[in-house]
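See below for the structure under consideration.
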Amino acid sequence: MRVLGIETSCDETAAAVVENGRVALSDVVSTQIDIHRRWGGVIPELASRNHVLQVMPVIDEALTRAGVKLTDLDGLGVTSGPGLQGALLVGLQVAKSISLATGLPLVGVNHLEGHLLAIRLAPDAPEPPFLGLVVSGGHTTLYEVPAFGTYKKLGSTRDDAAGEAYDKVAKLLGLPYPGGLPIDQLAATGDPKAISFPRALKQNDVLDWSFSGLKTAVLNHLQQHGVPTGQALADLCASFQEAVADALTKKVMLGAKKVRARQLVLCGGVAANSRLRSLAQERADDAGIKLYLPPKRLCTDNGAMIAVAGHEALQRGVRSQLSLDADPSWRLGS
Ligand code: KG4
Ligand code: ZN
């Protein structure tokens with residue numbers, strides 16, 4: 001079964017052809033980062049306009065690279081939420097048009113389900129049940145996944161997403177948007193113990209996160225000491241990164257203990273973070289849990305993960321009608 005996945009929920013226009021929900025025959029991502037960078041964040045109207053320009057060439061390229069025509073496909077998966085309304089509508093209209101013209105079955109995919117299932121494209125991928133941490137620019141949520149299509153929320157951020165904290169701190173430091181990778185790179189030569197940043201919600205019976213206090217702690221530090229350069233900048237980045245990775249992995253391990261999980265998946269843009277990956281590995285090993293880390297390019301937004309989630313839904317008989325609409329605040333699971 002070959003599924004075309006289309007993703008336009010934020011600032012990447014992406015399309016991919018995936019075979020049997022496991023193998024990406026193509027995976028094309030056209031990023032708008034350079035367009036939004038000068039504004040320090042995503043401008044929704046600019047995102048929609050650029051999706052309109054990019055979506056057809058990106059789909060064409062995905063089909064060409066996979067060596068298939070629309071008539072060789074068996075289904076379509078398209079992100080229908082959560083995300084920016086105008087951006088989502090672009091992918092949706094194209095997917096619905098293709099479905100109408102070809103008769104291909106269509107399914108609206110939750111972007112977070114796409115992130116959770118991106119690991120299916122790795123050679124070593126878990127079958128449910130597993131625990132999945134979605135940690136991205138818009139979300140930080142821990143899910144129990146007893147079966148494909150069933151998602152139980154165990155905990156979530158009460159304010160900023162982890163990626164949002166990265167992006168806001170990077171802005172304070174004068175680093176480019178999105179701030180995750182530049183901070184990660186600077187942190188590589190820094191001392192994570194140089195500054196003691198706070199960990200919020202430390203109680204063992206709370207599975208949620210809060211990152212706004214950490215952001216304020218960085219701001220206070222900068223107000224007292226000025227914006228650092230050189231080694232002091234690297235030390236600040238490493239200390240901030242340690243606080244985020246420590247908080248994320250501690251709560252994930254608490255969740256894993258609570259539901260007796262044996263398998264854990266990290267996904268979403270922040271799952272590309274080097275310290276989060278190494279600390280999660282350390283703590284998963286200590287707890288005897290098998291950790292699955294998607295390759296970094298599958299952590300950030302892409303069309304292949306949407307095709308995988310589309311494949312699983314289509315296999316279960318889920319179909320969307322042409323009345324399918326964007327749902328900007330679609331919550332995954334219960
Ligand atoms: O999943 P994603 O591409 O888009 C959303 O669905 O939000 O995630 C983007 C987020 C941004 O906040 C970016 O700063 C962060 O992922 N990110 C990272 C790294 N690479 C990307 N955060 C920390 N370390 C990284 N290496
Ligand atoms: Zn995403």
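Ordering of the structure tokens sets the chain letters (A, B, ...), residue numbers begin anew at 1 in every chain, and ligands are numbered from 1 in the order given.
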* To do: Could you please write out, as a PyMOL selection string, every residue of range 153-312 of chain A that DSSP assigns to alpha helix (DSSP H)?
  => chain A and resi 162-172+180-187+212-225+230-259+274-287+296-299+304-312
Would you name the residues within 9 Å of ligand 1, counting only C-alpha atoms and all ligand atoms, and put them as a JSON list (two decimals) with C-alpha atoms, in the first residue's frame?
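What landed in result.json:
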[["chain", "number", "residue", "atom", "x", "y", "z"],
["A", 9, "SER", "CA", 0.59, 22.82, 9.31],
["A", 10, "CYS", "CA", 3.35, 25.34, 10.11],
["A", 11, "ASP", "CA", 6.45, 26.48, 8.23],
["A", 12, "GLU", "CA", 7.45, 23.40, 6.22],
["A", 83, "GLY", "CA", -1.52, 23.98, 13.36],
["A", 111, "HIS", "CA", 0.14, 16.25, 13.24],
["A", 112, "LEU", "CA", 1.10, 14.89, 16.68],
["A", 115, "HIS", "CA", 5.33, 12.77, 15.03],
["A", 134, "VAL", "CA", 6.10, 14.58, 21.56],
["A", 135, "VAL", "CA", 8.46, 17.46, 22.17],
["A", 136, "SER", "CA", 8.33, 20.19, 19.55],
["A", 137, "GLY", "CA", 7.92, 23.91, 19.02],
["A", 138, "GLY", "CA", 4.20, 23.78, 19.76],
["A", 139, "HIS", "CA", 3.83, 20.74, 22.02],
["A", 161, "ALA", "CA", 6.43, 23.93, 24.90],
["A", 162, "ALA", "CA", 10.10, 22.90, 25.25],
["A", 163, "GLY", "CA", 10.88, 24.04, 21.69],
["A", 164, "GLU", "CA", 9.16, 27.35, 22.39],
["A", 165, "ALA", "CA", 11.45, 27.80, 25.42],
["A", 166, "TYR", "CA", 14.46, 27.11, 23.18],
["A", 167, "ASP", "CA", 13.25, 29.61, 20.60],
["A", 168, "LYS", "CA", 12.49, 32.32, 23.19],
["A", 170, "ALA", "CA", 17.66, 31.96, 21.65],
["A", 177, "TYR", "CA", 15.27, 31.43, 14.77],
["A", 178, "PRO", "CA", 14.54, 28.58, 15.33],
["A", 179, "GLY", "CA", 16.79, 28.54, 18.36],
["A", 180, "GLY", "CA", 17.02, 24.81, 19.16],
["A", 181, "LEU", "CA", 19.91, 23.88, 16.91],
["A", 182, "PRO", "CA", 22.09, 26.98, 17.58],
["A", 183, "ILE", "CA", 21.73, 26.49, 21.36],
["A", 184, "ASP", "CA", 22.44, 22.76, 20.98],
["A", 185, "GLN", "CA", 25.61, 23.53, 19.00],
["A", 241, "GLN", "CA", 19.90, 22.68, 27.84],
["A", 267, "CYS", "CA", 9.75, 12.57, 18.70],
["A", 268, "GLY", "CA", 9.22, 16.14, 17.47],
["A", 269, "GLY", "CA", 11.84, 18.78, 16.68],
["A", 270, "VAL", "CA", 13.38, 18.92, 20.18],
["A", 271, "ALA", "CA", 13.95, 15.14, 20.05],
["A", 272, "ALA", "CA", 16.84, 16.07, 17.70],
["A", 273, "ASN", "CA", 18.57, 17.66, 20.70],
["A", 274, "SER", "CA", 21.86, 15.97, 21.52],
["A", 275, "ARG", "CA", 21.67, 16.27, 25.31],
["A", 276, "LEU", "CA", 18.03, 15.13, 25.44],
["A", 296, "LYS", "CA", 17.16, 13.72, 13.42],
["A", 298, "LEU", "CA", 12.50, 12.58, 11.05],
["A", 299, "CYS", "CA", 12.19, 14.55, 14.31],
["A", 300, "THR", "CA", 11.35, 17.85, 12.61],
["A", 301, "ASP", "CA", 8.25, 18.27, 10.44],
["A", 302, "ASN", "CA", 8.06, 16.09, 7.32]]
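Proximity to Thr102 in chain A at 9 Å, evaluated using only C-alpha atoms and with sequence-adjacent residues fewer than 4 positions away removed, yields A:Leu70, A:Thr71, A:Ser97, A:Ile98.
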* Rank A:Val107, A:Val145, A:Val42, A:Val3 by their smallest atom-to-atom distance to Ala62 in chain A, using only C-alpha atoms, and report the top residue only. =>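 For Ala62 in chain A, the nearest of the given residues is A:Val3.
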* For ligand 2, which residue out of A:Gly255, A:Pro192, A:Gly114, A:Gly230 is the nearest one, using only C-alpha atoms and all ligand atoms? ->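 Using only C-alpha atoms and all ligand atoms, ligand 2 sits closest to A:Gly114.
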* What are the DSSP strand (DSSP E) residues of range 141-279 of chain A, as a ChimeraX atom specification? -> /A:141-147,150-156,263-267
* Residue with smallest distance to ligand 2 - pool A:Gly190, A:Pro82, A:Gly149, A:Gly67, counting only C-alpha atoms and all ligand atoms ->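 That would be A:Pro82, the residue with the smallest distance to ligand 2.
Residue nearest ligand 2 within the list A:Leu84, A:Ala247, A:Leu63, A:Val23: A:Leu84 [criterion: smallest interatomic distance, only C-alpha atoms and all ligand atoms].
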* Nearest candidate to ligand 2 (options A:His51, A:Val58, A:Pro176, A:Glu113; using only C-alpha atoms and all ligand atoms) ->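 Of the candidates, the smallest distance to ligand 2 is held by A:Glu113.
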* **Length of the CA of Asp205 in chain A to CA of Asn110 in chain A vector [Å]** => 28.9 Å
* Which residues come within 10 Å of Asp60 in chain A, counting only C-alpha atoms, excluding same-chain residues fewer than 6 positions away, as a ChimeraX atom specification? -> /A:15-16,28,66,68-70
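The list of residues with at least one atom within 6 Å of Arg22 in chain A, based on only C-alpha atoms and without residues fewer than 2 positions apart in the same chain, reads Asn20, Arg120 and Leu121 of chain A.
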* Asked: CA of Gln315 in chain A to CA of Val78 in chain A: how many Å, to one decimal?
  ->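 Going from CA of Gln315 in chain A over to CA of Val78 in chain A covers 15.2 Å.
CA of Phe240 in chain A is found 9.6 Å from CA of Ala217 in chain A.
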* Spatial neighbours of Leu279 in chain A, 12 Å, only C-alpha atoms, chain gap at least 3 places, as a count of residues only -> 24
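The residue that comes closest to ligand 2, out of A:Leu117, A:Leu25, A:Val169, A:Leu92 and on the basis of only C-alpha atoms and all ligand atoms, is A:Leu117.
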* Non-local contacts of range 258-264 of chain A (12 Å; only C-alpha atoms; under 6 positions in same chain excluded) as number ranges by chain -> A: 116, 119, 125-134, 142-146, 152-155, 204-207, 249, 251-252, 277, 280-281, 283-285, 287-294
May I have the residues from that selection written out with C-alpha atoms, as a PDB file, in the first residue's frame?
ATOM      1  CA  LEU A 116       4.599   9.734  17.241  1.00  0.00           C
ATOM      2  CA  ILE A 119       9.759   6.163  14.229  1.00  0.00           C
ATOM      3  CA  ALA A 125      10.743   0.460  15.156  1.00  0.00           C
ATOM      4  CA  PRO A 126       8.481  -0.515  18.044  1.00  0.00           C
ATOM      5  CA  GLU A 127       5.060  -2.098  17.794  1.00  0.00           C
ATOM      6  CA  PRO A 128       2.578  -0.743  20.366  1.00  0.00           C
ATOM      7  CA  PRO A 129       2.314  -0.608  23.300  1.00  0.00           C
ATOM      8  CA  PHE A 130       4.859   2.151  23.821  1.00  0.00           C
ATOM      9  CA  LEU A 131       5.229   5.484  25.543  1.00  0.00           C
ATOM     10  CA  GLY A 132       5.750   8.503  23.273  1.00  0.00           C
ATOM     11  CA  LEU A 133       7.037  11.958  24.166  1.00  0.00           C
ATOM     12  CA  VAL A 134       6.101  14.576  21.564  1.00  0.00           C
ATOM     13  CA  LEU A 142       3.647  12.393  26.984  1.00  0.00           C
ATOM     14  CA  TYR A 143       1.316   9.764  25.484  1.00  0.00           C
ATOM     15  CA  GLU A 144       0.653   6.156  26.231  1.00  0.00           C
ATOM     16  CA  VAL A 145       0.135   4.340  22.912  1.00  0.00           C
ATOM     17  CA  PRO A 146      -1.586   0.975  23.566  1.00  0.00           C
ATOM     18  CA  LYS A 152      -3.767   8.429  26.176  1.00  0.00           C
ATOM     19  CA  LYS A 153      -2.328  11.659  27.508  1.00  0.00           C
ATOM     20  CA  LEU A 154      -0.229  11.133  30.638  1.00  0.00           C
ATOM     21  CA  GLY A 155       1.204  14.625  31.020  1.00  0.00           C
ATOM     22  CA  ASN A 204       6.957  12.949  41.970  1.00  0.00           C
ATOM     23  CA  ASP A 205       3.180  12.671  41.567  1.00  0.00           C
ATOM     24  CA  VAL A 206       3.032  15.393  38.879  1.00  0.00           C
ATOM     25  CA  LEU A 207       3.632  14.320  35.297  1.00  0.00           C
ATOM     26  CA  THR A 249      13.580  12.861  30.969  1.00  0.00           C
ATOM     27  CA  LYS A 251       8.995  13.104  34.041  1.00  0.00           C
ATOM     28  CA  VAL A 252       9.119  10.655  31.152  1.00  0.00           C
ATOM     29  CA  ARG A 277      18.984  12.094  23.359  1.00  0.00           C
ATOM     30  CA  ALA A 280      17.146   9.819  27.731  1.00  0.00           C
ATOM     31  CA  GLN A 281      19.394   6.927  26.677  1.00  0.00           C
ATOM     32  CA  ARG A 283      17.958   7.014  32.068  1.00  0.00           C
ATOM     33  CA  ALA A 284      16.148   4.494  29.852  1.00  0.00           C
ATOM     34  CA  ASP A 285      19.102   2.100  30.198  1.00  0.00           C
ATOM     35  CA  ALA A 287      15.319   1.729  34.037  1.00  0.00           C
ATOM     36  CA  GLY A 288      15.638  -1.218  31.631  1.00  0.00           C
ATOM     37  CA  ILE A 289      13.431   0.490  29.022  1.00  0.00           C
ATOM     38  CA  LYS A 290      14.133   0.240  25.295  1.00  0.00           C
ATOM     39  CA  LEU A 291      14.487   3.706  23.819  1.00  0.00           C
ATOM     40  CA  TYR A 292      13.698   4.462  20.177  1.00  0.00           C
ATOM     41  CA  LEU A 293      15.106   7.691  18.746  1.00  0.00           C
ATOM     42  CA  PRO A 294      14.091   8.678  15.204  1.00  0.00           C
TER      43      PRO A 294
END
